[in-house]
file my_file-v8.txt (compact mmCIF, C-alpha atoms)
# COMPACT_ATOMS: atom_id res chain seq x y z
CA MET G 1 5.15 165.18 17.84
CA ASP G 2 8.74 165.98 18.74
CA ARG G 3 10.76 168.26 16.43
CA LYS G 4 13.09 165.34 15.73
CA ASN G 5 10.09 163.44 14.32
CA TYR G 6 9.77 165.91 11.46
CA LEU G 7 13.26 165.18 10.19
CA PRO G 8 12.59 161.90 8.28
CA PRO G 9 9.58 163.26 6.31
CA LEU G 10 11.48 166.50 5.70
CA VAL G 11 14.52 164.70 4.27
CA CYS G 12 12.45 162.21 2.26
CA GLY G 13 10.06 164.91 1.04
CA PHE G 14 13.02 166.98 -0.12
CA GLY G 15 14.52 163.96 -1.90
CA ALA G 16 11.22 163.17 -3.59
CA ALA G 17 10.80 166.80 -4.69
CA VAL G 18 14.29 166.78 -6.21
CA LEU G 19 13.60 163.52 -8.03
CA THR G 20 10.27 164.76 -9.40
CA THR G 21 11.88 168.01 -10.57
CA VAL G 22 14.98 166.58 -12.29
CA PRO G 23 14.07 165.87 -15.93
CA GLY G 24 14.63 162.24 -16.88
CA VAL G 25 14.65 160.83 -13.36
CA LYS G 26 10.88 161.11 -13.19
CA SER G 27 10.51 158.74 -16.15
CA PHE G 28 12.11 155.98 -14.06
CA GLY G 29 10.29 156.52 -10.80
CA CYS G 30 6.97 157.71 -12.18
CA CYS G 31 4.14 157.45 -9.65
CA LEU G 32 6.30 155.45 -7.22
CA ILE G 33 8.58 158.29 -6.08
CA ILE G 34 6.33 159.82 -3.40
CA PRO G 35 5.10 156.46 -1.97
CA PHE G 36 8.69 155.19 -1.75
CA ALA G 37 9.76 158.42 -0.07
CA ALA G 38 6.99 157.88 2.50
CA ILE G 39 8.10 154.26 3.09
CA LEU G 40 11.70 155.44 3.50
CA SER G 41 10.48 158.10 5.90
CA LEU G 42 8.96 155.39 8.11
CA PHE G 43 12.20 153.43 8.05
CA LEU G 44 14.23 156.53 8.93
CA ASP G 45 11.81 157.40 11.72
CA HIS G 46 12.23 153.92 13.13
CA LYS G 47 16.03 154.17 12.94
CA ILE G 48 16.47 157.74 14.16
CA ASN G 49 13.74 158.05 16.74
CA LYS G 50 13.81 154.40 17.76
CA SER G 51 10.04 154.24 17.22
CA GLU G 52 8.41 151.29 18.84
CA LEU G 53 7.23 148.39 16.71
CA PRO G 54 4.59 147.58 15.62
CA PHE G 55 4.15 150.96 14.00
CA ASN G 56 1.01 152.82 14.97
CA PHE G 57 -1.47 153.36 12.10
CA LYS G 58 -1.94 157.08 12.83
CA HIS G 59 1.79 157.66 13.13
CA ALA G 60 2.46 155.93 9.79
CA MET G 61 -0.29 157.91 8.05
CA LEU G 62 0.99 161.15 9.57
CA LEU G 63 4.53 160.45 8.42
CA GLY G 64 3.25 159.64 4.91
CA LEU G 65 1.13 162.80 4.85
CA LEU G 66 4.03 164.93 6.09
CA THR G 67 6.33 163.45 3.44
CA GLY G 68 3.74 164.40 0.80
CA ILE G 69 3.36 167.91 2.23
CA PHE G 70 7.12 168.53 2.41
CA ALA G 71 7.50 167.15 -1.13
CA THR G 72 4.77 169.59 -2.23
CA LEU G 73 6.46 172.57 -0.58
CA PHE G 74 9.88 171.77 -2.03
CA ALA G 75 8.58 170.79 -5.50
CA THR G 76 6.54 174.01 -5.71
CA PHE G 77 9.54 176.02 -4.56
CA PHE G 78 11.83 174.39 -7.15
CA ASP G 79 9.23 174.93 -9.86
CA VAL G 80 8.80 178.61 -8.93
CA LEU G 81 12.56 179.11 -8.76
CA MET G 82 13.25 177.44 -12.11
CA THR G 83 10.38 179.36 -13.72
CA TYR G 84 11.68 182.64 -12.33
CA ILE G 85 15.20 181.98 -13.61
CA LEU G 86 14.27 180.57 -17.03
CA HIS G 87 11.10 182.61 -17.68
CA THR G 88 9.59 179.46 -19.13
CA ASN G 89 8.46 176.04 -17.99
CA GLU G 90 6.64 172.94 -19.16
CA PHE G 91 3.28 174.70 -18.93
CA VAL G 92 4.40 177.52 -21.25
CA GLN G 93 6.06 175.11 -23.66
CA THR G 94 3.08 172.78 -23.96
CA LEU G 95 0.40 175.50 -24.07
CA PRO G 96 0.27 175.62 -27.91
CA GLN G 97 -0.40 171.86 -28.07
CA THR G 98 -2.98 172.16 -25.30
CA GLU G 99 -4.70 174.99 -27.17
CA GLU G 100 -4.66 173.05 -30.43
CA LEU G 101 -6.24 170.08 -28.69
CA VAL G 102 -8.85 172.07 -26.81
CA ARG G 103 -9.80 174.10 -29.91
CA GLN G 104 -10.98 170.90 -31.59
CA TYR G 105 -14.03 171.00 -29.33
CA LYS G 106 -15.38 174.30 -30.71
CA LEU G 107 -16.61 175.54 -27.34
CA GLY G 108 -17.01 179.20 -28.28
CA VAL G 109 -17.03 181.67 -25.38
CA LEU G 110 -16.16 179.03 -22.79
CA LEU G 111 -13.03 178.08 -24.70
CA ASN G 112 -11.99 181.69 -25.21
CA GLN G 113 -12.31 182.40 -21.49
CA THR G 114 -10.33 179.30 -20.51
CA MET G 115 -7.64 179.89 -23.09
CA GLY G 116 -7.54 183.58 -22.23
CA MET G 117 -6.77 182.74 -18.62
CA LEU G 118 -4.12 180.18 -19.52
CA LYS G 119 -2.51 182.55 -22.02
CA GLN G 120 -2.39 185.32 -19.43
CA MET G 121 -0.57 182.94 -17.09
CA SER G 122 1.86 182.03 -19.86
CA LYS G 123 2.41 185.72 -20.72
CA ASP G 124 3.10 186.60 -17.06
CA ILE G 125 5.62 183.79 -16.80
CA GLN G 126 7.41 184.82 -20.00
CA GLN G 127 7.50 188.49 -19.04
CA ASN G 128 8.08 188.37 -15.27
CA GLY G 129 9.02 184.75 -14.63
CA PHE G 130 6.11 184.66 -12.20
CA SER G 131 2.36 184.07 -12.25
CA LEU G 132 0.32 183.99 -9.06
CA PHE G 133 -2.45 181.89 -10.64
CA TYR G 134 0.12 179.38 -11.84
CA ILE G 135 1.76 179.10 -8.41
CA VAL G 136 -1.57 178.69 -6.61
CA GLY G 137 -2.64 176.12 -9.22
CA ILE G 138 0.50 173.99 -9.00
CA PHE G 139 0.61 174.24 -5.22
CA PHE G 140 -2.90 172.88 -4.74
CA SER G 141 -2.50 170.28 -7.45
CA ASN G 142 0.82 169.12 -5.90
CA PHE G 143 -0.66 169.22 -2.41
CA PHE G 144 -3.68 167.10 -3.31
CA ILE G 145 -1.79 164.46 -5.29
CA ASN G 146 1.31 164.25 -3.08
CA SER G 147 -0.72 164.02 0.13
CA ILE G 148 -2.72 161.08 -1.23
CA PHE G 149 0.34 159.28 -2.56
CA GLY G 150 2.26 160.04 0.64
CA MET G 151 -0.48 158.47 2.77
CA LEU G 152 -0.60 155.45 0.44
CA GLY G 153 3.15 155.13 0.95
CA GLY G 154 2.58 155.40 4.70
CA LEU G 155 0.06 152.55 4.54
CA LEU G 156 2.39 150.37 2.50
CA GLY G 157 5.31 151.19 4.79
CA LEU G 158 3.20 150.31 7.83
CA SER G 159 2.40 146.90 6.42
CA PHE G 160 6.00 146.43 5.30
CA ILE G 161 7.69 147.38 8.58
CA ASN G 162 5.21 145.57 10.81
CA LYS G 163 5.55 142.39 8.79
CA LYS G 164 9.33 142.65 9.02
CA ALA G 165 9.06 143.15 12.76
CA GLN G 166 7.01 139.98 13.02
CA LYS G 167 9.88 137.90 11.65
CA MET L 1 -22.37 140.71 10.35
CA ARG L 2 -21.38 144.22 11.39
CA GLN L 3 -17.80 143.45 10.51
CA ILE L 4 -18.84 142.26 7.04
CA ASN L 5 -20.82 145.47 6.51
CA SER L 6 -17.83 147.57 7.53
CA LYS L 7 -15.66 145.60 5.15
CA ILE L 8 -18.10 146.11 2.29
CA SER L 9 -18.30 149.84 3.03
CA LEU L 10 -14.53 150.21 3.09
CA ARG L 11 -14.11 148.21 -0.11
CA LEU L 12 -16.86 150.20 -1.84
CA ILE L 13 -15.20 153.47 -0.85
CA LEU L 14 -11.86 152.27 -2.21
CA PHE L 15 -13.53 151.02 -5.40
CA PHE L 16 -15.27 154.36 -6.03
CA MET L 17 -12.12 156.32 -5.26
CA LEU L 18 -10.23 154.23 -7.79
CA ILE L 19 -13.01 154.64 -10.35
CA VAL L 20 -12.80 158.43 -9.97
CA TRP L 21 -9.02 158.32 -10.26
CA CYS L 22 -9.07 156.11 -13.39
CA PHE L 23 -11.92 158.16 -14.85
CA GLY L 24 -9.79 161.29 -14.44
CA PHE L 25 -6.88 160.13 -16.55
CA SER L 26 -9.09 158.64 -19.26
CA PHE L 27 -11.85 161.28 -19.19
CA GLU L 28 -10.88 162.89 -22.46
CA SER L 29 -10.55 159.53 -24.25
CA LEU L 30 -13.84 158.19 -22.91
CA PHE L 31 -15.81 161.34 -23.72
CA PRO L 32 -14.05 162.87 -26.70
CA ASN L 33 -16.87 165.32 -27.46
CA SER L 34 -17.50 166.50 -23.92
CA SER L 35 -16.94 170.21 -23.27
CA LEU L 36 -16.18 169.42 -19.63
CA ALA L 37 -13.36 167.15 -20.78
CA ALA L 38 -11.93 169.98 -22.87
CA ILE L 39 -12.13 172.54 -20.07
CA SER L 40 -10.69 170.22 -17.44
CA TYR L 41 -7.94 168.92 -19.73
CA PRO L 42 -5.20 171.46 -18.77
CA LEU L 43 -5.90 171.00 -15.05
CA LEU L 44 -6.04 167.20 -15.19
CA LYS L 45 -2.95 167.05 -17.38
CA HIS L 46 -0.98 168.99 -14.81
CA ALA L 47 -2.39 167.06 -11.85
CA TYR L 48 -1.57 163.65 -13.34
CA GLY L 49 1.75 165.05 -14.53
CA GLU L 50 2.74 165.28 -10.88
CA VAL L 51 2.81 161.51 -10.60
CA CYS L 52 3.66 160.46 -14.14
CA HIS L 53 6.17 161.54 -16.79
CA GLN L 54 3.39 161.45 -19.47
CA ILE L 55 5.90 160.78 -22.28
CA PRO L 56 3.68 160.61 -25.42
CA SER L 57 5.47 157.56 -26.86
CA LYS L 58 4.81 155.66 -23.63
CA THR L 59 1.11 156.39 -23.26
CA PHE L 60 -1.88 154.61 -24.76
CA VAL L 61 -3.99 156.36 -27.37
CA ILE L 62 -7.75 155.77 -27.31
CA GLU L 63 -10.02 157.43 -29.88
CA ASN L 64 -7.12 159.66 -30.98
CA HIS L 65 -6.72 160.97 -27.44
CA ARG L 66 -3.80 160.11 -25.22
CA LEU L 67 -4.41 158.93 -21.69
CA LEU L 68 -2.95 161.30 -19.12
CA VAL L 69 -0.66 158.66 -17.59
CA CYS L 70 1.90 156.28 -19.11
CA ALA L 71 1.23 152.62 -19.90
CA ARG L 72 2.84 151.42 -16.66
CA CYS L 73 0.84 153.80 -14.47
CA THR L 74 -2.32 152.86 -16.41
CA GLY L 75 -1.56 149.23 -15.55
CA ILE L 76 -0.94 150.01 -11.88
CA TYR L 77 -4.21 151.91 -11.48
CA LEU L 78 -6.28 149.46 -13.53
CA GLY L 79 -4.77 146.51 -11.64
CA ALA L 80 -5.81 148.14 -8.39
CA LEU L 81 -9.27 148.95 -9.82
CA VAL L 82 -9.87 145.37 -11.01
CA PHE L 83 -8.81 143.95 -7.65
CA SER L 84 -10.91 146.50 -5.79
CA PHE L 85 -13.89 145.32 -7.83
CA LEU L 86 -13.10 141.66 -7.16
CA SER L 87 -12.66 142.41 -3.47
CA LEU L 88 -16.37 143.32 -3.31
CA PHE L 89 -17.24 139.66 -3.87
CA PHE L 90 -14.51 137.81 -2.03
CA PHE L 91 -14.14 138.22 1.69
CA ARG L 92 -11.53 135.61 2.38
CA LYS L 93 -8.69 137.22 4.22
CA LEU L 94 -5.58 137.41 2.09
CA ASN L 95 -2.45 137.38 4.18
CA LEU L 96 0.26 138.10 1.68
CA GLY L 97 3.87 137.79 2.72
CA ILE L 98 6.30 140.63 2.24
CA LYS L 99 8.14 138.62 -0.41
CA LEU L 100 5.24 139.03 -2.84
CA LEU L 101 5.64 142.80 -2.71
CA TYR L 102 9.31 142.43 -3.65
CA ILE L 103 8.40 139.94 -6.37
CA SER L 104 5.79 142.30 -7.82
CA LEU L 105 8.44 145.00 -8.10
CA VAL L 106 10.96 142.78 -9.92
CA PRO L 107 9.22 142.78 -13.35
CA ILE L 108 8.99 146.60 -13.25
CA LEU L 109 12.65 146.94 -12.34
CA ILE L 110 13.74 144.48 -15.02
CA ASP L 111 11.59 146.20 -17.65
CA VAL L 112 12.86 149.68 -16.72
CA ILE L 113 16.51 148.57 -16.71
CA PHE L 114 16.32 146.47 -19.88
CA SER L 115 14.39 149.03 -21.91
CA SER L 116 16.65 151.85 -20.68
CA LEU L 117 19.77 149.92 -21.65
CA ASP L 118 18.20 149.11 -25.04
CA ILE L 119 18.43 145.38 -24.38
CA TYR L 120 14.95 145.34 -25.86
CA LYS L 121 12.68 148.04 -27.22
CA TYR L 122 10.22 149.64 -24.83
CA SER L 123 6.83 148.01 -25.14
CA LYS L 124 3.67 149.60 -23.82
CA LEU L 125 2.10 146.19 -23.36
CA ILE L 126 4.97 144.87 -21.23
CA ALA L 127 4.93 148.07 -19.15
CA PHE L 128 1.16 147.75 -18.80
CA GLY L 129 1.44 144.09 -17.74
CA THR L 130 4.12 144.79 -15.13
CA GLY L 131 1.98 147.66 -13.85
CA ILE L 132 -1.15 145.51 -13.52
CA PHE L 133 0.74 142.90 -11.51
CA PHE L 134 2.25 145.48 -9.17
CA GLY L 135 -0.97 147.50 -8.82
CA SER L 136 -3.06 144.50 -7.88
CA ILE L 137 -0.58 143.31 -5.23
CA VAL L 138 -0.22 146.81 -3.78
CA PHE L 139 -4.00 147.13 -3.58
CA VAL L 140 -4.27 143.91 -1.57
CA TYR L 141 -1.58 145.18 0.83
CA ILE L 142 -3.31 148.51 1.28
CA LEU L 143 -6.71 146.88 1.76
CA THR L 144 -5.31 144.41 4.30
CA THR L 145 -3.59 147.19 6.24
CA LEU L 146 -6.76 149.31 6.30
CA GLU L 147 -8.96 146.40 7.36
CA ASN L 148 -6.55 145.30 10.05
CA ASN L 149 -6.44 148.78 11.52
CA PHE L 150 -10.02 149.95 11.06
CA ILE L 151 -12.12 146.80 11.24
CA ASP L 152 -10.19 143.92 12.77
CA LYS L 153 -8.18 146.25 15.07
CA LYS L 154 -5.23 143.92 14.90
CA PRO L 155 -2.43 146.06 13.54
CA MET L 156 0.29 143.55 14.28
CA LYS L 157 -1.13 140.08 14.14
CA ASN L 158 -1.94 139.95 10.45
CA GLY L 159 0.37 142.72 9.30
call {"tool": "encode", "arguments": {"input": "my_file-v8.txt", "output": "structure tokens"}}
result
Amino acid sequence: MDRKNYLPPLVCGFGAAVLTTVPGVKSFGCCLIIPFAAILSLFLDHKINKSELPFNFKHAMLLGLLTGIFATLFATFFDVLMTYILHTNEFVQTLPQTEELVRQYKLGVLLNQTMGMLKQMSKDIQQNGFSLFYIVGIFFSNFFINSIFGMLGGLLGLSFINKKAQK
Amino acid sequence: MRQINSKISLRLILFFMLIVWCFGFSFESLFPNSSLAAISYPLLKHAYGEVCHQIPSKTFVIENHRLLVCARCTGIYLGALVFSFLSLFFFRKLNLGIKLLYISLVPILIDVIFSSLDIYKYSKLIAFGTGIFFGSIVFVYILTTLENNFIDKKPMKNG
């Protein structure tokens, strides 16, 4: 893959990461942000790199996956940056509610261990603006979800662009 | 015959993947007394939070437990799940035009714009309905694309 081929997923992944980070915007786009970014990435690839039509299945999936990966990298970076600056984040703010909910189960030692770990993460974030466990956790969670949704977007984009090309 | 078997396998895989996905966001509501649900709650909440705003007023409550995705996302995923189940019994090739994808997006757009502008009050049921419609159409598109590329090997002819 040429270096120029990375540009559309990079741009679209960045855009998707910004949209998923900005409070309020996410409520409009919801689960459609990453798939639409992947579809847009296919369109941009076709425009910029003059990719041949019909789009190749592997190429579309790769572009979708790359969009998801770039979105993950940027979203994790934004999250880490905001957490470092503010010394708080959604995780810290919602931890009391999470604890209240989880405590209803009366799980004894298991609960104490889980909550102990989560509280340590929250404490690290409030004190240092940084928690390694938190970063690793959000990175893998973002990576898993965004990659799947990116590839779904790639599939949809493939169908969309190839059908348009047929006309 | 071999082609039919491949189709069934692909459809079964998609169906089970969707079951796992839907099970994840409703795990706590379906098994309110499960310790596994309690332990996995923080992780699942964050994972589903990546693809949904999870605003409490816009999510369904089952057995006093909120689902981990909003009403619209619930509709999208359940629409896809229902169609993935139906696809196990119907093998007729659906060749949907691109217009239907646009049309399936229109109700969502109208609902988002109208409820945001307070033309009418946000309704979970309307959001759920628009989601189901969109989810089912999107599933058919994804299934068709996968079958065309993996089984029929005709990426262009049938889109």
call {"tool": "closest_atom_pairs", "arguments": {"input": "my_file-v8.txt", "of": "chain L", "to": "chain G", "cutoff": "10 Å", "atoms": "all atoms listed in the file", "output": "tab-separated table"}}
result
residue	atom	partner	partner_atom	distance
L:Pro32	CA	G:Tyr105	CA	8.5
L:Asn33	CA	G:Tyr105	CA	6.6
L:Ser34	CA	G:Tyr105	CA	7.8
L:Ser35	CA	G:Leu107	CA	6.7
L:Leu36	CA	G:Leu107	CA	9.9
L:Ala37	CA	G:Val102	CA	9.0
L:Ala38	CA	G:Val102	CA	5.4
L:Ile39	CA	G:Thr114	CA	7.0
L:Ser40	CA	G:Thr114	CA	9.6
L:Tyr41	CA	G:Val102	CA	7.8
L:Pro42	CA	G:Thr98	CA	6.9
L:Leu43	CA	G:Ser141	CA	8.4
L:Leu44	CA	G:Ser141	CA	9.1
L:Lys45	CA	G:Thr98	CA	9.4
L:His46	CA	G:Ser141	CA	7.6
L:Ala47	CA	G:Ser141	CA	5.5
L:Tyr48	CA	G:Ile145	CA	8.1
L:Gly49	CA	G:Cys30	CA	9.3
L:Glu50	CA	G:Asn142	CA	6.6
L:Val51	CA	G:Cys31	CA	4.4
L:Cys52	CA	G:Cys30	CA	4.7
L:His53	CA	G:Ser27	CA	5.2
L:Gln54	CA	G:Ser27	CA	8.3
L:Ile55	CA	G:Ser27	CA	7.9
L:Lys58	CA	G:Ser27	CA	9.9
L:His65	CA	G:Leu101	CA	9.2
L:Val69	CA	G:Cys31	CA	9.4
L:Cys70	CA	G:Cys30	CA	8.7
L:Arg72	CA	G:Cys30	CA	8.8
L:Cys73	CA	G:Cys31	CA	6.9
L:Ile76	CA	G:Cys31	CA	9.3
L:Leu96	CA	G:Lys163	CA	9.8
L:Gly97	CA	G:Lys163	CA	7.8
L:Ile98	CA	G:Phe160	CA	6.6
L:Lys99	CA	G:Phe160	CA	9.9
L:Leu101	CA	G:Phe160	CA	8.8
L:Ile108	CA	G:Phe28	CA	9.9
L:Leu109	CA	G:Phe28	CA	9.2
L:Val112	CA	G:Phe28	CA	6.9
L:Ile113	CA	G:Phe28	CA	9.0
L:Ser116	CA	G:Phe28	CA	9.0
L:Val138	CA	G:Leu156	CA	7.7
L:Phe139	CA	G:Leu156	CA	9.4
L:Tyr141	CA	G:Leu156	CA	6.7
L:Ile142	CA	G:Leu156	CA	6.1
L:Leu143	CA	G:Leu155	CA	9.3
L:Thr144	CA	G:Ser159	CA	8.4
L:Thr145	CA	G:Ser159	CA	6.0
L:Leu146	CA	G:Leu155	CA	7.8
L:Asn148	CA	G:Phe57	CA	9.7
L:Asn149	CA	G:Phe57	CA	6.8
L:Phe150	CA	G:Phe57	CA	9.3
L:Pro155	CA	G:Pro54	CA	7.5
L:Met156	CA	G:Pro54	CA	6.0
L:Lys157	CA	G:Gln166	CA	8.2
L:Asn158	CA	G:Lys163	CA	8.1
L:Gly159	CA	G:Lys163	CA	5.2
call {"tool": "atom_distance", "arguments": {"input": "my_file-v8.txt", "atom1": "atom CA of G:Gly129", "atom2": "atom CA of G:Leu66"}}
result
29.1 Å
call {"tool": "closest_residue", "arguments": {"input": "my_file-v8.txt", "among": "G:Leu7, G:Val92, G:Val80, G:Ile148", "to": "G:Val136", "atoms": "only C-alpha atoms"}}
result
G:Val80
call {"tool": "atom_distance", "arguments": {"input": "my_file-v8.txt", "atom1": "atom CA of L:Ile126", "atom2": "atom CA of L:Ala80"}}
result
17.1 Å
call {"tool": "residues_around", "arguments": {"input": "my_file-v8.txt", "residues": "G:Asp45", "least_positions_apart": "4", "cutoff": "10 Å", "atoms": "all atoms listed in the file", "output": "PyMOL selection string"}}
result
chain G and resi 4-9+39-41+49-52+60+63
call {"tool": "residues_around", "arguments": {"input": "my_file-v8.txt", "residues": "L:Arg66", "least_positions_apart": "3", "cutoff": "10 Å", "atoms": "only C-alpha atoms", "output": "MDAnalysis selection string"}}
result
chainID L and resid 25:26 28:29 54 56:63 69:70
